[in-house]
Amino acid sequence: MRDQLGRDIEYLRISLTERCNLKCIYCREETEYCQAKQELSLSVLTRLMHIFAGLGITKVRLTGGEPLVRKDLEAIVSMIARIPQVRDLSMTTNAQGLAERIGGLHRAGLQRVNISLDSLQEDRYRRMTRGGDLQKTLAGIHAAIREGMIVKINAVLVRGENDAEIDDFIALARDYPIDVRFIELMPFCTLSAADEKRIAGQEILDAHPELHPVAARYPSQPSADYQAQGFRGRIGLINPISHRFCRCCNRVRLTSDGKLRMCLGQEKETDLKAWMHHNDEELLSVIRSAIFDKPKAHEFEENFHATRAMNQIGG
């Protein structure tokens, strides 16, 4: 369906849980504790997915928290993959434990994986994730490639933390058939709210004139893509603050506790759990109304104060 600005809303990001086995420095505070409160069950997700599909959702990404902490993840993937209207089903993960499950997830219908990888140095990776094991993530990446999956690497750049590794990340796209995407820091915790920590994509392009723009893989994608001669993959720049892409935004978010959120950078949410005891027509009407009112743009630069950490909303 279309929102009030005429944008075709066809992309749903579902946060399956706010729980995560890591505490990345740009996502949430170190002292915050992830709870499994009121996570949407498989049956509730099934009902909602059929309603969303009827409204024109054709693309679904599973996020968290960390989706792999859900023991029923394969069943959720299989359910969504069987819905005829859904043509693209992907997942964002930190890949801690992905190597052991990627085969089953692929067989269940998962098509693509976006893997969070913010450092190629073991000590720095452990520090930035507050306890992550780099080797487990690398094992998950290689397992996904062997499985024949489409793999994208997401690196959130933080000045003074991992910006010295930009060249090493770019080399991954040269040597492997993967997309490496640099994501601009967004204000969801104390560190990520600091403007001086943010690295705009133009800085990367200025330092790497060999990168040249290439056509987008699909319409409305958030990244601007680049390649250099001899590259097997691509470099993607996702700059929601320095280069807004709101005018072509085609996505909405469903949080793990049942809130429908129209924009990552806007606080307004619609509580779908409050409508689950109503019939499908009434629930559909609530969802349609919320989507139609999707705001024009985010408010990251208008004194935005996040009341939820990133893991509570979904990446």
# chains A, B, ... in the order shown; residues from 1 in each chain; ligands from 1

$ residues_around --residues "Ile102 (chain A)" --least-positions-apart "6" --cutoff "12 Å" --atoms "only C-alpha atoms" --output "ChimeraX atom specification"
/A:68,73-74,77,90-91,93,95-96,108-113,139-151

$ write_last_selection --atoms "C-alpha atoms" --output "compact mmCIF listing (two decimals), in the first residue's frame"
# COMPACT_ATOMS: atom_id res chain seq x y z
CA LEU A 68 19.59 -16.50 16.66
CA LEU A 73 13.81 -19.17 14.36
CA GLU A 74 13.76 -21.90 11.70
CA VAL A 77 11.57 -18.46 8.64
CA SER A 90 16.58 -11.97 4.90
CA MET A 91 18.06 -11.67 8.38
CA THR A 93 22.68 -11.19 12.73
CA ALA A 95 26.65 -14.46 13.45
CA GLN A 96 27.68 -15.76 16.88
CA ALA A 108 13.71 -23.20 5.67
CA GLY A 109 13.69 -20.39 3.10
CA LEU A 110 16.13 -17.71 4.26
CA GLN A 111 17.67 -16.07 1.19
CA ARG A 112 20.13 -13.47 2.46
CA VAL A 113 22.06 -12.56 5.59
CA ALA A 139 33.01 -18.80 10.72
CA GLY A 140 29.40 -17.73 10.19
CA ILE A 141 30.36 -15.56 7.22
CA HIS A 142 32.29 -18.34 5.52
CA ALA A 143 29.53 -20.88 6.26
CA ALA A 144 26.94 -18.58 4.68
CA ILE A 145 29.10 -18.11 1.59
CA ARG A 146 29.60 -21.87 1.27
CA GLU A 147 25.85 -22.34 1.63
CA GLY A 148 25.39 -20.11 -1.41
CA MET A 149 23.71 -17.32 0.51
CA ILE A 150 23.87 -13.66 -0.46
CA VAL A 151 26.06 -12.10 2.24

$ residues_around --residues "Glu30 (chain A)" --least-positions-apart "4" --cutoff "8 Å" --atoms "only C-alpha atoms" --output "list in words"
Lys23, Ile25 and Arg130 of chain A

$ residues_around --residues "Asp195 (chain A)" --least-positions-apart "5" --cutoff "10 Å" --atoms "only C-alpha atoms" --output "list of chain:residue names"
A:Arg159, A:Leu185, A:Met186, A:Pro187

$ residues_around --residues "region 273-286 of chain A" --least-positions-apart "6" --cutoff "8 Å" --atoms "only C-alpha atoms" --output "PyMOL selection string"
chain A and resi 51-52+257-259

$ closest_atom_pairs --of "region 67-122 of chain A" --to "region 163-183 of chain A" --cutoff "12 Å" --atoms "only C-alpha atoms" --output "JSON lines"
{"residue": "A:Arg112", "atom": "CA", "partner": "A:Ile178", "partner_atom": "CA", "distance": 11.1}
{"residue": "A:Val113", "atom": "CA", "partner": "A:Ile178", "partner_atom": "CA", "distance": 10.6}
{"residue": "A:Asn114", "atom": "CA", "partner": "A:Asp179", "partner_atom": "CA", "distance": 9.2}
{"residue": "A:Ile115", "atom": "CA", "partner": "A:Val180", "partner_atom": "CA", "distance": 9.6}
{"residue": "A:Ser116", "atom": "CA", "partner": "A:Arg181", "partner_atom": "CA", "distance": 9.7}
{"residue": "A:Leu117", "atom": "CA", "partner": "A:Val180", "partner_atom": "CA", "distance": 9.5}
{"residue": "A:Asp118", "atom": "CA", "partner": "A:Glu165", "partner_atom": "CA", "distance": 9.1}
{"residue": "A:Ser119", "atom": "CA", "partner": "A:Glu165", "partner_atom": "CA", "distance": 7.1}
{"residue": "A:Leu120", "atom": "CA", "partner": "A:Glu165", "partner_atom": "CA", "distance": 7.6}
{"residue": "A:Gln121", "atom": "CA", "partner": "A:Glu165", "partner_atom": "CA", "distance": 8.7}

$ write_last_selection --atoms "N, CA, C and O atoms" --output "PDB file, in the first residue's frame"
ATOM      1  N   ARG A 112      18.975 -14.353   2.315  1.00  0.00           N
ATOM      2  CA  ARG A 112      20.129 -13.470   2.459  1.00  0.00           C
ATOM      3  C   ARG A 112      20.430 -13.244   3.927  1.00  0.00           C
ATOM      4  O   ARG A 112      19.548 -13.338   4.770  1.00  0.00           O
ATOM      5  N   VAL A 113      21.690 -12.923   4.225  1.00  0.00           N
ATOM      6  CA  VAL A 113      22.062 -12.555   5.587  1.00  0.00           C
ATOM      7  C   VAL A 113      22.908 -11.286   5.568  1.00  0.00           C
ATOM      8  O   VAL A 113      23.799 -11.134   4.736  1.00  0.00           O
ATOM      9  N   ASN A 114      22.588 -10.379   6.484  1.00  0.00           N
ATOM     10  CA  ASN A 114      23.423  -9.207   6.757  1.00  0.00           C
ATOM     11  C   ASN A 114      24.112  -9.464   8.084  1.00  0.00           C
ATOM     12  O   ASN A 114      23.437  -9.679   9.101  1.00  0.00           O
ATOM     13  N   ILE A 115      25.417  -9.455   8.086  1.00  0.00           N
ATOM     14  CA  ILE A 115      26.182  -9.833   9.274  1.00  0.00           C
ATOM     15  C   ILE A 115      26.911  -8.619   9.831  1.00  0.00           C
ATOM     16  O   ILE A 115      27.663  -7.952   9.132  1.00  0.00           O
ATOM     17  N   SER A 116      26.661  -8.346  11.108  1.00  0.00           N
ATOM     18  CA  SER A 116      27.317  -7.219  11.775  1.00  0.00           C
ATOM     19  C   SER A 116      28.759  -7.583  12.090  1.00  0.00           C
ATOM     20  O   SER A 116      29.026  -8.582  12.756  1.00  0.00           O
ATOM     21  N   LEU A 117      29.677  -6.771  11.604  1.00  0.00           N
ATOM     22  CA  LEU A 117      31.105  -7.008  11.821  1.00  0.00           C
ATOM     23  C   LEU A 117      31.789  -5.646  11.890  1.00  0.00           C
ATOM     24  O   LEU A 117      32.008  -5.010  10.871  1.00  0.00           O
ATOM     25  N   ASP A 118      32.115  -5.199  13.086  1.00  0.00           N
ATOM     26  CA  ASP A 118      32.615  -3.846  13.269  1.00  0.00           C
ATOM     27  C   ASP A 118      34.125  -3.761  13.428  1.00  0.00           C
ATOM     28  O   ASP A 118      34.677  -2.668  13.520  1.00  0.00           O
ATOM     29  N   SER A 119      34.798  -4.914  13.458  1.00  0.00           N
ATOM     30  CA  SER A 119      36.258  -4.915  13.509  1.00  0.00           C
ATOM     31  C   SER A 119      36.771  -6.267  13.033  1.00  0.00           C
ATOM     32  O   SER A 119      36.130  -7.307  13.230  1.00  0.00           O
ATOM     33  N   LEU A 120      37.946  -6.234  12.414  1.00  0.00           N
ATOM     34  CA  LEU A 120      38.635  -7.451  11.990  1.00  0.00           C
ATOM     35  C   LEU A 120      39.777  -7.784  12.931  1.00  0.00           C
ATOM     36  O   LEU A 120      40.548  -8.719  12.671  1.00  0.00           O
ATOM     37  N   GLN A 121      39.883  -7.022  14.014  1.00  0.00           N
ATOM     38  CA  GLN A 121      40.907  -7.247  15.036  1.00  0.00           C
ATOM     39  C   GLN A 121      40.234  -7.855  16.274  1.00  0.00           C
ATOM     40  O   GLN A 121      39.267  -7.292  16.786  1.00  0.00           O
TER      41      GLN A 121
END
